[in-house]
Structure formats: structure tokens, C-alpha cells
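Here is protein.cif, consisting of mmCIF, C-alpha atoms:
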```
data_protein
#
loop_
_atom_site.label_atom_id
_atom_site.label_comp_id
_atom_site.auth_asym_id
_atom_site.auth_seq_id
_atom_site.Cartn_x
_atom_site.Cartn_y
_atom_site.Cartn_z
CA GLY A 1 115.24 93.79 73.80
CA ALA A 2 117.37 91.09 72.13
CA VAL A 3 114.86 88.26 72.13
CA PRO A 4 112.70 89.32 69.14
CA GLY A 5 115.72 89.50 66.86
CA LEU A 6 117.13 86.23 68.11
CA VAL A 7 113.91 84.35 67.54
CA THR A 8 113.20 85.58 64.04
CA ASP A 9 116.78 85.60 62.74
CA ALA A 10 117.27 81.96 63.73
CA GLY A 11 114.01 80.91 62.17
CA LEU A 12 113.28 78.94 65.31
CA LEU A 13 109.59 79.66 65.43
CA PHE A 14 108.93 78.35 61.96
CA GLY A 15 111.48 75.71 61.03
CA ALA A 16 111.53 73.36 64.03
CA ARG A 17 110.49 69.73 63.65
CA GLY A 18 109.23 67.12 66.05
CA THR A 19 106.95 67.25 69.07
CA THR A 20 107.34 66.82 72.77
CA THR A 21 105.17 65.70 75.65
CA MET A 22 107.26 67.49 78.29
CA THR A 23 105.68 70.44 80.08
CA LEU A 24 106.85 73.96 79.35
CA HIS A 25 108.16 74.39 82.88
CA ALA A 26 110.07 71.11 82.75
CA HIS A 27 111.75 72.19 79.53
CA SER A 28 112.78 75.51 80.98
CA ALA A 29 114.06 74.12 84.24
CA LYS A 30 116.25 71.53 82.54
CA LEU A 31 117.97 74.00 80.24
CA ASN A 32 118.36 76.99 82.59
CA PRO A 33 117.11 79.58 80.07
CA ARG A 34 119.26 82.49 78.97
CA TRP A 35 116.15 84.63 78.47
CA CYS A 36 113.82 84.22 81.45
CA LEU A 37 110.13 84.88 81.04
CA ALA A 38 109.98 87.11 84.13
CA GLN A 39 112.70 89.37 85.47
CA ASP A 40 112.76 91.26 88.76
CA THR A 41 112.18 95.01 88.46
CA ILE A 42 113.78 95.55 91.89
CA ASP A 43 117.35 96.48 90.99
CA ARG A 44 120.57 97.09 92.94
CA GLN A 45 119.76 100.75 93.51
CA ASP A 46 116.36 99.84 94.97
CA ILE A 47 118.02 97.37 97.34
CA ASP A 48 120.71 99.89 98.34
CA HIS A 49 118.05 102.50 99.17
CA LEU A 50 116.11 99.88 101.13
CA ILE A 51 119.23 98.99 103.14
CA ASP A 52 119.88 102.65 103.93
CA TRP A 53 116.28 103.04 105.12
CA LEU A 54 116.43 99.86 107.21
CA ARG A 55 119.53 101.21 108.98
CA THR A 56 117.32 103.95 110.42
CA TYR A 57 115.41 101.16 112.24
CA PRO A 58 112.00 102.27 110.94
CA ARG A 59 108.59 100.82 111.69
CA LEU A 60 108.20 97.92 109.26
CA THR A 61 104.56 96.98 109.64
CA LYS A 62 101.82 99.06 107.99
CA GLY A 63 102.19 102.72 108.87
CA ALA A 64 102.98 106.12 107.40
CA VAL A 65 105.02 104.79 104.45
CA THR A 66 102.05 102.70 103.33
CA VAL A 67 99.81 105.78 103.37
CA ASP A 68 102.44 107.73 101.41
CA PHE A 69 102.63 104.95 98.82
CA GLU A 70 98.84 104.87 98.47
CA GLN A 71 98.72 108.63 97.92
CA ARG A 72 101.56 108.70 95.41
CA TRP A 73 100.08 105.75 93.54
CA SER A 74 96.75 107.59 93.31
CA GLN A 75 98.52 110.66 91.93
CA TRP A 76 100.34 108.58 89.32
CA LEU A 77 97.19 106.71 88.31
CA GLY A 78 94.80 109.64 88.35
CA ARG A 79 92.23 108.42 90.89
CA PRO A 80 91.57 109.92 94.31
CA TYR A 81 91.62 106.80 96.51
CA SER A 82 93.86 103.74 96.76
CA VAL A 83 94.20 100.92 99.28
CA HIS A 84 97.45 98.93 99.46
CA CYS A 85 97.16 95.21 100.25
CA ASN A 86 99.32 92.10 100.21
CA SER A 87 98.66 90.85 96.64
CA GLY A 88 96.72 91.45 93.47
CA SER A 89 94.61 88.41 94.31
CA SER A 90 93.72 90.01 97.65
CA ALA A 91 92.87 93.20 95.75
CA ASN A 92 90.32 91.26 93.70
CA LEU A 93 88.89 89.65 96.83
CA LEU A 94 88.52 93.06 98.49
CA MET A 95 86.75 94.51 95.43
CA TYR A 96 84.16 91.73 95.34
CA TYR A 97 83.48 91.81 99.06
CA ALA A 98 83.34 95.60 99.32
CA LEU A 99 80.76 95.68 96.55
CA LEU A 100 78.79 92.88 98.20
CA ARG A 101 78.83 94.63 101.60
CA SER A 102 78.01 98.05 100.10
CA GLY A 103 74.30 97.28 99.75
CA LYS A 104 74.38 98.61 96.19
CA LEU A 105 73.62 95.30 94.44
CA ARG A 106 70.09 94.23 93.49
CA ASN A 107 71.38 90.72 92.74
CA THR A 108 74.60 88.72 92.99
CA ASN A 109 74.82 87.62 89.37
CA VAL A 110 78.27 88.41 87.99
CA ILE A 111 79.79 88.06 84.53
CA VAL A 112 83.38 86.85 84.57
CA PRO A 113 86.02 86.42 81.84
CA SER A 114 87.11 83.16 80.27
CA VAL A 115 90.67 84.49 79.79
CA GLY A 116 92.23 85.80 82.98
CA TRP A 117 93.43 84.31 86.25
CA VAL A 118 91.75 82.07 88.79
CA THR A 119 91.66 84.82 91.43
CA SER A 120 89.76 87.04 89.01
CA ILE A 121 86.87 84.62 89.56
CA ALA A 122 87.52 82.73 92.81
CA PRO A 123 86.17 85.46 95.16
CA ALA A 124 82.84 85.42 93.32
CA ILE A 125 82.53 81.72 94.12
CA GLN A 126 83.78 82.14 97.69
CA PHE A 127 81.30 84.93 98.46
CA GLY A 128 78.25 83.22 96.94
CA PHE A 129 77.90 85.19 93.70
CA THR A 130 76.40 83.37 90.71
CA PRO A 131 79.01 83.67 87.95
CA PHE A 132 78.39 83.49 84.21
CA MET A 133 81.44 83.09 81.97
CA CYS A 134 81.97 85.29 78.92
CA GLU A 135 83.80 84.50 75.67
CA ALA A 136 87.03 86.37 74.89
CA ASP A 137 87.15 89.26 72.44
CA PRO A 138 88.95 88.23 69.21
CA ASP A 139 91.09 91.38 69.26
CA THR A 140 92.00 92.11 72.90
CA PHE A 141 91.06 88.76 74.55
CA GLY A 142 89.05 90.78 77.09
CA LEU A 143 85.28 90.32 77.39
CA ASP A 144 83.58 89.70 74.05
CA LEU A 145 81.11 92.59 74.02
CA ASN A 146 78.44 90.83 71.95
CA HIS A 147 78.45 87.85 74.29
CA LEU A 148 78.57 90.18 77.28
CA GLU A 149 75.43 92.00 76.15
CA ASP A 150 73.65 88.71 75.55
CA LEU A 151 74.55 87.56 79.09
CA LEU A 152 73.39 90.90 80.52
CA LYS A 153 70.04 90.56 78.78
CA ARG A 154 69.55 86.98 79.97
CA HIS A 155 70.86 87.20 83.53
CA HIS A 156 70.52 90.90 84.48
CA ALA A 157 73.91 90.75 86.19
CA GLN A 158 74.66 93.68 88.46
CA THR A 159 78.42 93.06 88.41
CA VAL A 160 80.94 92.60 85.59
CA LEU A 161 84.60 91.66 86.14
CA LEU A 162 86.87 92.74 83.28
CA VAL A 163 90.48 91.67 82.92
CA GLN A 164 92.71 94.01 80.91
CA VAL A 165 94.48 91.02 79.41
CA LEU A 166 98.27 91.10 79.44
CA GLY A 167 98.46 94.90 79.40
CA VAL A 168 96.47 95.23 76.16
CA PRO A 169 93.62 97.70 76.82
CA HIS A 170 90.10 96.56 76.08
CA ARG A 171 87.52 98.52 74.04
CA MET A 172 86.48 100.73 76.94
CA ARG A 173 84.30 103.20 75.02
CA GLU A 174 82.01 100.41 73.85
CA LEU A 175 82.08 98.77 77.28
CA GLN A 176 81.08 102.07 78.91
CA THR A 177 78.11 102.23 76.54
CA LEU A 178 76.96 98.84 77.82
CA LYS A 179 77.58 99.94 81.42
CA ASP A 180 75.37 102.99 80.89
CA ARG A 181 72.68 100.90 79.18
CA TYR A 182 72.49 98.06 81.71
CA GLY A 183 73.62 99.77 84.90
CA PHE A 184 76.14 97.21 86.16
CA TYR A 185 79.10 97.79 88.46
CA LEU A 186 82.45 97.29 86.75
CA LEU A 187 85.35 95.66 88.58
CA GLU A 188 88.47 96.27 86.50
CA ASP A 189 91.25 93.74 86.96
CA ALA A 190 94.35 95.61 85.78
CA CYS A 191 96.76 93.38 87.72
CA ALA A 192 98.96 92.74 84.68
CA ALA A 193 98.24 96.01 82.87
CA ILE A 194 99.97 98.73 84.92
CA GLY A 195 100.85 101.67 82.69
CA ALA A 196 98.62 100.70 79.77
CA GLU A 197 96.38 103.47 78.44
CA TYR A 198 93.14 103.78 76.50
CA ASP A 199 92.11 107.07 74.93
CA GLY A 200 94.70 108.95 77.00
CA LYS A 201 93.52 107.48 80.33
CA LYS A 202 95.44 104.91 82.32
CA VAL A 203 93.97 101.44 82.55
CA GLY A 204 92.53 101.05 86.03
CA THR A 205 90.60 104.34 85.93
CA PHE A 206 87.49 102.99 84.20
CA GLY A 207 85.93 100.58 86.70
CA ASP A 208 84.04 101.43 89.87
CA MET A 209 87.06 99.76 91.48
CA ALA A 210 90.28 98.52 89.90
CA SER A 211 92.88 96.03 91.09
CA PHE A 212 96.63 95.97 90.48
CA SER A 213 99.36 93.43 91.24
CA PHE A 214 102.94 94.20 92.27
CA TYR A 215 104.13 90.62 91.98
CA PHE A 216 107.60 89.63 90.75
CA GLY A 217 107.90 90.08 86.99
CA HIS A 218 104.95 92.46 86.64
CA GLN A 219 105.35 96.03 85.44
CA MET A 220 106.54 96.95 88.94
CA SER A 221 107.09 94.91 92.09
CA THR A 222 106.89 95.23 95.86
CA ILE A 223 107.95 91.54 96.12
CA GLU A 224 104.33 90.67 96.91
CA GLY A 225 101.64 93.33 96.93
CA GLY A 226 98.54 94.78 95.37
CA MET A 227 96.35 97.87 95.23
CA VAL A 228 92.68 98.72 94.82
CA SER A 229 91.90 102.17 93.42
CA SER A 230 88.54 103.90 93.16
CA SER A 231 86.82 107.26 92.87
CA ASP A 232 84.11 106.22 95.34
CA LYS A 233 84.79 107.33 98.93
CA GLU A 234 82.14 105.03 100.41
CA LEU A 235 83.62 101.96 98.71
CA THR A 236 87.11 103.05 99.75
CA ASN A 237 86.10 103.23 103.43
CA LEU A 238 84.69 99.72 103.12
CA LEU A 239 87.91 98.53 101.49
CA LEU A 240 89.95 100.02 104.33
CA MET A 241 87.83 98.31 106.97
CA LEU A 242 87.73 94.96 105.19
CA ARG A 243 91.50 95.00 104.63
CA SER A 244 92.15 95.33 108.37
CA HIS A 245 89.85 93.13 110.46
CA GLY A 246 86.73 95.25 109.92
CA TRP A 247 87.74 98.05 112.27
CA SER A 248 87.51 101.75 111.48
CA LYS A 249 91.01 102.88 112.42
CA ASP A 250 92.04 103.51 108.79
CA VAL A 251 88.91 105.20 107.43
CA ASP A 252 88.57 108.98 107.19
CA GLN A 253 87.78 110.71 110.47
CA ALA A 254 84.26 111.75 109.48
CA ARG A 255 83.22 108.18 108.68
CA HIS A 256 84.90 106.87 111.82
CA GLN A 257 82.94 109.34 113.94
CA GLU A 258 79.69 108.42 112.18
CA LEU A 259 80.22 104.78 113.12
CA VAL A 260 81.15 105.63 116.71
CA ASP A 261 78.01 107.75 117.07
CA GLN A 262 75.75 105.25 115.29
CA TYR A 263 76.73 102.38 117.55
CA GLN A 264 77.31 104.51 120.67
CA VAL A 265 80.83 103.18 121.08
CA ASP A 266 82.77 103.97 124.24
CA ASP A 267 85.90 106.01 123.38
CA PHE A 268 88.10 103.50 125.16
CA HIS A 269 86.88 100.69 122.88
CA SER A 270 86.65 102.62 119.61
CA PRO A 271 89.99 101.53 118.05
CA PHE A 272 89.03 97.86 118.47
CA VAL A 273 85.39 97.76 117.41
CA PHE A 274 84.76 95.59 114.36
CA TYR A 275 82.03 96.95 112.11
CA GLU A 276 82.52 94.46 109.27
CA PRO A 277 83.56 90.78 109.10
CA GLY A 278 86.95 91.74 107.72
CA PHE A 279 90.23 90.09 106.84
CA ASN A 280 93.89 90.81 107.47
CA LEU A 281 95.15 91.56 103.96
CA ARG A 282 97.53 94.37 104.89
CA SER A 283 100.94 94.75 103.38
CA THR A 284 103.85 96.40 105.22
CA ASP A 285 105.82 99.63 105.17
CA LEU A 286 108.78 97.61 103.91
CA ASN A 287 106.82 96.61 100.80
CA ALA A 288 105.47 100.15 100.46
CA PHE A 289 109.01 101.59 100.61
CA ILE A 290 109.99 99.39 97.68
CA GLY A 291 106.82 100.50 95.89
CA LEU A 292 107.83 104.15 96.24
CA GLU A 293 111.22 103.34 94.70
CA GLN A 294 109.51 101.51 91.84
CA LEU A 295 107.12 104.38 91.18
CA ARG A 296 110.05 106.69 90.44
CA LYS A 297 110.99 104.64 87.38
CA LEU A 298 107.62 103.14 86.47
CA ASP A 299 107.02 105.29 83.39
CA TRP A 300 110.46 104.36 82.08
CA MET A 301 109.84 100.65 82.71
CA THR A 302 106.44 100.62 81.01
CA GLY A 303 107.92 102.58 78.10
CA ARG A 304 110.55 99.89 77.62
CA ARG A 305 107.91 97.18 77.63
CA GLN A 306 105.88 99.14 75.09
CA ALA A 307 108.88 99.40 72.78
CA ASN A 308 109.64 95.68 73.11
CA HIS A 309 105.98 94.84 72.48
CA ASP A 310 106.03 96.92 69.29
CA ARG A 311 109.20 95.14 68.09
CA TYR A 312 107.62 91.76 68.67
CA LEU A 313 104.48 92.84 66.85
CA GLU A 314 106.48 94.16 63.88
CA GLN A 315 108.51 90.97 63.50
CA LEU A 316 105.94 88.31 64.42
CA GLY A 317 102.53 89.94 64.00
CA LYS A 318 102.11 88.90 60.36
CA ARG A 319 103.01 85.27 61.06
CA PHE A 320 101.00 84.67 64.21
CA TYR A 321 97.63 85.56 65.64
CA THR A 322 98.26 88.15 68.36
CA GLN A 323 96.23 90.58 70.44
CA ARG A 324 95.26 93.71 68.51
CA PRO A 325 94.89 96.74 70.78
CA PRO A 326 92.37 99.49 70.03
CA LYS A 327 93.72 102.28 67.83
CA GLY A 328 95.61 104.92 69.78
CA SER A 329 95.91 102.85 72.94
CA LYS A 330 99.15 102.18 74.78
CA VAL A 331 100.17 98.61 75.56
CA ALA A 332 102.25 97.74 78.64
CA SER A 333 102.56 93.97 78.52
CA ILE A 334 104.44 91.74 80.96
CA SER A 335 104.91 89.10 78.24
CA PHE A 336 104.17 88.98 74.52
CA GLY A 337 101.40 86.52 73.73
CA LEU A 338 101.00 84.59 70.48
CA LEU A 339 98.65 81.90 69.23
CA ALA A 340 100.03 79.03 67.17
CA GLU A 341 97.97 77.51 64.37
CA SER A 342 97.46 74.28 66.33
CA PRO A 343 98.50 72.54 69.55
CA GLU A 344 101.02 70.55 67.53
CA GLN A 345 102.64 73.68 66.13
CA ARG A 346 102.82 75.12 69.64
CA LYS A 347 104.72 72.02 70.79
CA ARG A 348 107.22 72.42 67.97
CA ILE A 349 107.70 76.12 68.74
CA VAL A 350 108.13 75.49 72.45
CA ARG A 351 110.73 72.83 71.79
CA ALA A 352 112.68 75.21 69.52
CA LEU A 353 112.48 78.10 71.98
CA VAL A 354 113.68 76.04 74.91
CA ALA A 355 116.55 74.63 72.87
CA GLU A 356 117.76 78.22 72.41
CA GLY A 357 117.31 79.10 76.09
CA VAL A 358 114.14 81.18 75.68
CA GLU A 359 111.71 80.48 78.50
CA THR A 360 108.00 80.24 77.64
CA ARG A 361 104.69 79.09 79.10
CA ILE A 362 100.99 78.85 78.27
CA PHE A 363 99.07 82.06 77.59
CA SER A 364 98.00 83.20 81.06
CA ALA A 365 95.80 80.33 82.29
CA GLY A 366 94.19 79.66 78.91
CA ASN A 367 90.42 79.31 79.15
CA LEU A 368 89.42 79.29 82.82
CA GLY A 369 86.21 77.51 81.83
CA LEU A 370 88.30 74.40 81.09
CA HIS A 371 89.86 74.26 84.58
CA PRO A 372 88.56 71.87 87.27
CA PHE A 373 87.62 74.65 89.73
CA TRP A 374 85.02 75.85 87.17
CA MET A 375 83.98 72.58 85.51
CA ASN A 376 83.35 70.82 88.82
CA ARG A 377 80.77 73.47 89.73
CA TYR A 378 79.26 74.74 86.47
CA GLY A 379 80.34 72.33 83.73
CA LYS A 380 82.71 73.01 80.87
CA ALA A 381 82.62 76.52 79.40
CA SER A 382 83.96 76.25 75.87
CA PHE A 383 84.26 79.18 73.45
CA PRO A 384 86.05 79.49 70.07
CA VAL A 385 88.46 82.32 70.95
CA ALA A 386 89.11 81.33 74.57
CA ASP A 387 89.64 77.69 73.57
CA ARG A 388 92.21 78.67 70.97
CA VAL A 389 94.05 80.76 73.57
CA HIS A 390 93.96 77.69 75.83
CA HIS A 391 95.20 75.15 73.31
CA CYS A 392 97.49 77.26 71.10
CA GLY A 393 98.69 80.25 73.16
CA PHE A 394 102.20 80.84 74.50
CA PHE A 395 104.30 83.67 75.91
CA LEU A 396 107.61 85.28 74.97
CA PRO A 397 109.68 87.36 77.43
CA ASN A 398 109.21 91.12 77.69
CA HIS A 399 111.40 92.86 80.26
CA ALA A 400 112.00 96.49 81.12
CA SER A 401 115.78 95.94 81.09
#
```
Rewrite the structure from the file as C-alpha cells, please.
Amino acid sequence: GAVPGLVTDAGLLFGARGTTTMTLHAHSAKLNPRWCLAQDTIDRQDIDHLIDWLRTYPRLTKGAVTVDFEQRWSQWLGRPYSVHCNSGSSANLLMYYALLRSGKLRNTNVIVPSVGWVTSIAPAIQFGFTPFMCEADPDTFGLDLNHLEDLLKRHHAQTVLLVQVLGVPHRMRELQTLKDRYGFYLLEDACAAIGAEYDGKKVGTFGDMASFSFYFGHQMSTIEGGMVSSSDKELTNLLLMLRSHGWSKDVDQARHQELVDQYQVDDFHSPFVFYEPGFNLRSTDLNAFIGLEQLRKLDWMTGRRQANHDRYLEQLGKRFYTQRPPKGSKVASISFGLLAESPEQRKRIVRALVAEGVETRIFSAGNLGLHPFWMNRYGKASFPVADRVHHCGFFLPNHAS
């Protein structure tokens, strides 16, 4: 909570002179920042409880604790089904492949965001979708809805991947109108938006499936881990099979029996019959135990981040271009993002921040359409808002502590 006051009181963001060619990470590493960009949400009490549990010599691989975590997460989120996996990136991969294997799609055209993370898009490429990149919204940095509708009209995409950028909810009422009009499936990447709300509903309850990340420094952590949540039982059974090799051991009993009957499987073989070309993306009961501990304080942690976000916005919002959440929504950001007026101003700001021990970095990954993984396949995707995020954006720390 001290960083906003420090930055503005010192005038560091506005009075620094000179430029630098050093990278943001090199700056931070050299000076050992006093205010780190990310801070672990796993505290001493969490570790003490974990040690006590480990002394009971429990099963550590995926088991009953994982199922308990999935159920409690679903209760907290407000969706009936959740599948725990080993990362938020794996959660995105599972969403894409479950939708592809569901037989629901008339085509494999997908609209993807310019501002997000590489693993918001990579599975589409890996699984043979045809992706079309969308400009960023000038307020939330999510999908620009005018550009999205234009892409839907031109390419008739059956799938849309939305990133809830940095815990700032997108304009979901308007997006739902487009979903109803064009009939696409919505994959909601809420990996960095846990606890954010739009119109009284938690982010991650709007898409046909939604992904979450429990990586270090996010709103909550299981060290590494992720979750896919849905209200669709059929998709959930697919997710469960694809997460674990393609077998049916984790699906509900009725679906398991349907598969056994359909393929006339011998009872002796039934636990080890592979119905789908699956993966091994399971997490462990150890990670799930930490997740249960984190869930107990999650509302408090997201509330702290909301308060810090509001303080940043109050002190810096009139001097910098920042995300503007929809009215009445609740922000739960993992960092506070700002856009400088130019790349040169960003360099000056970064130099001043690092000199005071405040760690920073680029805004997410900038414009993904300017990264080699995209340009080498589809050419440069350049857009006014996304390009400014790429060239002028930077982060400030926002911790729950």
C-alpha cells in the first residue's frame, strides 16, 4: 500500500531526466528492488498448515484433496463444475481442445486478443484453428467490440477467446449481445482476474468455459496451478478426460458407464481405456491443499488489491492513460498498468522507478501481434490501442499485503 504515495510524493514519474537502453529486468536485478512487482500470497501460516498436513503422510498425487478444492472453488466462483490442472496455460489448452473435440464447432475460425499472453493464443495454433487477431478496447484493453463484430461478420468465427486484462472486467453485457447475435462459443481467460466482478457476477462466469491461473504473484497461488470452470457438464467430462490421458476414471459415473457400454469394454480393462487423445495436465493434492488454504483468505486478498488499485487510480489516473473499468464493476488487478505518452517517456519513468527500488516491467506482453510467434505465421498485426500498450505500457506493484 505504500508504493502509490512514494511514487507521487517524490515526483519520480514526472521529473526524471535521461534515457536508458537497459532492459527493465536488468535494471531491477541490479538494484534489488525494495518494492517487488510480484509477491507470494503463500504466507507463513499456509506453510505451517502444509507442514502439519504433510506430517500425516497423506497421498500427494491427485486424489480426494484435489476434488475438494475443485468443489470449493466452484462454490466460491458460482459455477457448478471445475477442473484443476497444473497451470493457467494448461487451462487454456484444455479449453481449446475440449471445444474442438466436442463436435459443437461448425468451423475452426477463432478470434483472439492482441493484448493478453502467448498461451491465450498458442493452443489455437497448435490445434489447427485459424486465428484472427482483434484490436484492444480503449477502456478495458479487452477485445474491441466494434472490431470484434467486423471480424465476426467477415470470418464467421465460431470461437472467441477473451482475456479479462489485468483484473479489469470487460464490457460483458455488450459482448453477450454479440454472442447472442452471432452464436459463437466464448472462452474466457480470467487467469489474471480472479475476484474481479462485473454487474455483481464474478469474472469467469460469463464464458462457456473460463480459465484461471494460480501462479506466483497472482491473486492466489498454488505455486503452479490452474483451473477451468464451466456450467456445461458435457464439456466438463471432456475436460476431465483430456486432463488425464483420455481415460474416463474422473468423469461422472453415468458418463463413464455410457462409454463402457458404447464401446463394450471389459470391466477388467475399463479403468485404462483411452477414449480421447488426452494429455497429462494434472496437478497434485499438495498443490490443491495450498489452494484450499488460499481460498480461505481470497476475498480479503482481492479486497486489498482493489483498494490499492483505487489509490493508484486516484493519484495517477489524471496524469496517465490507464484502464477504465465499466461502471459498477470490481477490479482485482495483479499489477497497476499505465501508458506513458511515448516510448521515451516510459524509459525515463522506468529509470526513475528503478533508482528508487520500485520494480516494473512492460504491460503484460504488449501487442501479441508484434511478437515473432505471430508475425512469422500471419504477418504483423498492428493496431492503435494495442500498439500503444506495447510501446508505452508499464506496470507498478499491487500486492495483497
**Asked** Using only C-alpha atoms, which residue out of A:Leu37, A:Ser244, A:Cys85, A:Ala190 lies closest to Phe395 in chain A?
**Response** A:Leu37
**Request:** Translate the PyMOL selection byres ((chain A and resi 319-331) around 7), as applied to the file shown, into an explicit residue set as an MDAnalysis selection string.
**Result:** chainID A and resid 139:141 167:169 171 196:199 306 316:318 332:333 337:340
Carefully work through the PyMOL selection byres ((chain A and resi 249) around 12) for this structure and note down the residues it includes, as a PDB file with C-alpha atoms, in the coordinates of the input.
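This is the output file result10.pdb:
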```pdb
ATOM      1  CA  GLY A  63     102.190 102.720 108.870  1.00  0.00           C
ATOM      2  CA  ASN A 237      86.100 103.230 103.430  1.00  0.00           C
ATOM      3  CA  LEU A 238      84.690  99.720 103.120  1.00  0.00           C
ATOM      4  CA  LEU A 240      89.950 100.020 104.330  1.00  0.00           C
ATOM      5  CA  MET A 241      87.830  98.310 106.970  1.00  0.00           C
ATOM      6  CA  LEU A 242      87.730  94.960 105.190  1.00  0.00           C
ATOM      7  CA  ARG A 243      91.500  95.000 104.630  1.00  0.00           C
ATOM      8  CA  SER A 244      92.150  95.330 108.370  1.00  0.00           C
ATOM      9  CA  HIS A 245      89.850  93.130 110.460  1.00  0.00           C
ATOM     10  CA  GLY A 246      86.730  95.250 109.920  1.00  0.00           C
ATOM     11  CA  TRP A 247      87.740  98.050 112.270  1.00  0.00           C
ATOM     12  CA  SER A 248      87.510 101.750 111.480  1.00  0.00           C
ATOM     13  CA  ASP A 250      92.040 103.510 108.790  1.00  0.00           C
ATOM     14  CA  VAL A 251      88.910 105.200 107.430  1.00  0.00           C
ATOM     15  CA  ASP A 252      88.570 108.980 107.190  1.00  0.00           C
ATOM     16  CA  GLN A 253      87.780 110.710 110.470  1.00  0.00           C
ATOM     17  CA  ALA A 254      84.260 111.750 109.480  1.00  0.00           C
ATOM     18  CA  ARG A 255      83.220 108.180 108.680  1.00  0.00           C
ATOM     19  CA  HIS A 256      84.900 106.870 111.820  1.00  0.00           C
ATOM     20  CA  GLN A 257      82.940 109.340 113.940  1.00  0.00           C
ATOM     21  CA  LEU A 259      80.220 104.780 113.120  1.00  0.00           C
ATOM     22  CA  VAL A 260      81.150 105.630 116.710  1.00  0.00           C
ATOM     23  CA  HIS A 269      86.880 100.690 122.880  1.00  0.00           C
ATOM     24  CA  SER A 270      86.650 102.620 119.610  1.00  0.00           C
ATOM     25  CA  PRO A 271      89.990 101.530 118.050  1.00  0.00           C
ATOM     26  CA  PHE A 272      89.030  97.860 118.470  1.00  0.00           C
ATOM     27  CA  VAL A 273      85.390  97.760 117.410  1.00  0.00           C
ATOM     28  CA  PHE A 274      84.760  95.590 114.360  1.00  0.00           C
ATOM     29  CA  TYR A 275      82.030  96.950 112.110  1.00  0.00           C
TER      30      TYR A 275
END
```
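In this structure, CA of Ser229 in chain A sits 10.9 Å away from CA of Gln75 in chain A.
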Would you give me, as a tab-separated table, each residue of range 164-239 of chain A having an atom within 8 Å of an atom of range 289-302 of chain A, along with its shortest atom pair and that distance in Å to one decimal, using only C-alpha atoms and sorting by chain and residue number?
```
residue	atom	partner	partner_atom	distance
A:Ile194	CA	A:Thr302	CA	7.8
A:Gly195	CA	A:Thr302	CA	5.9
A:Ala196	CA	A:Thr302	CA	7.9
A:Gln219	CA	A:Thr302	CA	6.5
A:Met220	CA	A:Gln294	CA	6.2
A:Ser221	CA	A:Gly291	CA	6.8
A:Thr222	CA	A:Gly291	CA	5.3
```
**Separation of CA of Val165 in chain A from CA of Gly278 in chain A in Å** =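 Taking CA of Gly278 in chain A and CA of Val165 in chain A, their separation equals 29.3 Å.
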**Request:** Apply the PyMOL selection byres ((chain A and resi 107) around 9) to the structure shown and report the selected residues as a PyMOL selection string.
**Result:** chain A and resi 105-106+108-110+129+156-159
**Asked** Distance CA of Ala355 in chain A-CA of Glu341 in chain A, one decimal place?
**Response**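 Computing it gives 20.6 Å between the two atoms.
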**Prompt:** Which protein, DNA or RNA residues have an atom at most 10 Å from (79.4, 76.9, 78.7), counting all atoms listed in the file? List them as an MDAnalysis selection string.
**Reply:** chainID A and resid 132:135 369:370 375 378:383
Would you put the residues from that selection into a file with C-alpha atoms, as a CSV table (one decimal), in the frame of the given file?
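Contents of the output file result_17.csv:
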```csv
chain,number,residue,atom,x,y,z
A,132,PHE,CA,78.4,83.5,84.2
A,133,MET,CA,81.4,83.1,82.0
A,134,CYS,CA,82.0,85.3,78.9
A,135,GLU,CA,83.8,84.5,75.7
A,369,GLY,CA,86.2,77.5,81.8
A,370,LEU,CA,88.3,74.4,81.1
A,375,MET,CA,84.0,72.6,85.5
A,378,TYR,CA,79.3,74.7,86.5
A,379,GLY,CA,80.3,72.3,83.7
A,380,LYS,CA,82.7,73.0,80.9
A,381,ALA,CA,82.6,76.5,79.4
A,382,SER,CA,84.0,76.2,75.9
A,383,PHE,CA,84.3,79.2,73.4
```
**Message:** Quick one: residues within 10 Å of Gln176 in chain A, all atoms listed in the file, excluding same-chain residues fewer than 6 positions away - as JSON, numbers by chain?
**Reply:** {"A": [182, 183, 186, 206, 207]}
**Message:** What's around Val389 in chain A at 7 Å? Count all atoms listed in the file, leave out sequence neighbours fewer than 2 positions away in its own chain, and write the answer as a ChimeraX atom specification.
**Reply:** /A:339,363,366-367,385-387,391-393
Pull C-alpha atoms from the residues just selected and write them as a PDB file, in the frame of the given file.
```pdb
ATOM      1  CA  LEU A 339      98.650  81.900  69.230  1.00  0.00           C
ATOM      2  CA  PHE A 363      99.070  82.060  77.590  1.00  0.00           C
ATOM      3  CA  GLY A 366      94.190  79.660  78.910  1.00  0.00           C
ATOM      4  CA  ASN A 367      90.420  79.310  79.150  1.00  0.00           C
ATOM      5  CA  VAL A 385      88.460  82.320  70.950  1.00  0.00           C
ATOM      6  CA  ALA A 386      89.110  81.330  74.570  1.00  0.00           C
ATOM      7  CA  ASP A 387      89.640  77.690  73.570  1.00  0.00           C
ATOM      8  CA  HIS A 391      95.200  75.150  73.310  1.00  0.00           C
ATOM      9  CA  CYS A 392      97.490  77.260  71.100  1.00  0.00           C
ATOM     10  CA  GLY A 393      98.690  80.250  73.160  1.00  0.00           C
TER      11      GLY A 393
END
```
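When all atoms listed in the file are used to compute distances to Leu239 in chain A, the closest of the residues A:Ala64, A:Val83, A:Leu148, A:Leu162 turns out to be A:Val83.
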Kindly list the centre and edge lengths in Å, rounded to one decimal, for the axis-aligned box that covers all listed atoms of range 386-394 of chain A plus 5 Å on each of its six sides, as lines of an AutoDock Vina configuration file.
```
center_x = 95.7
center_y = 78.2
center_z = 73.4
size_x = 23.1
size_y = 16.2
size_z = 14.9
```
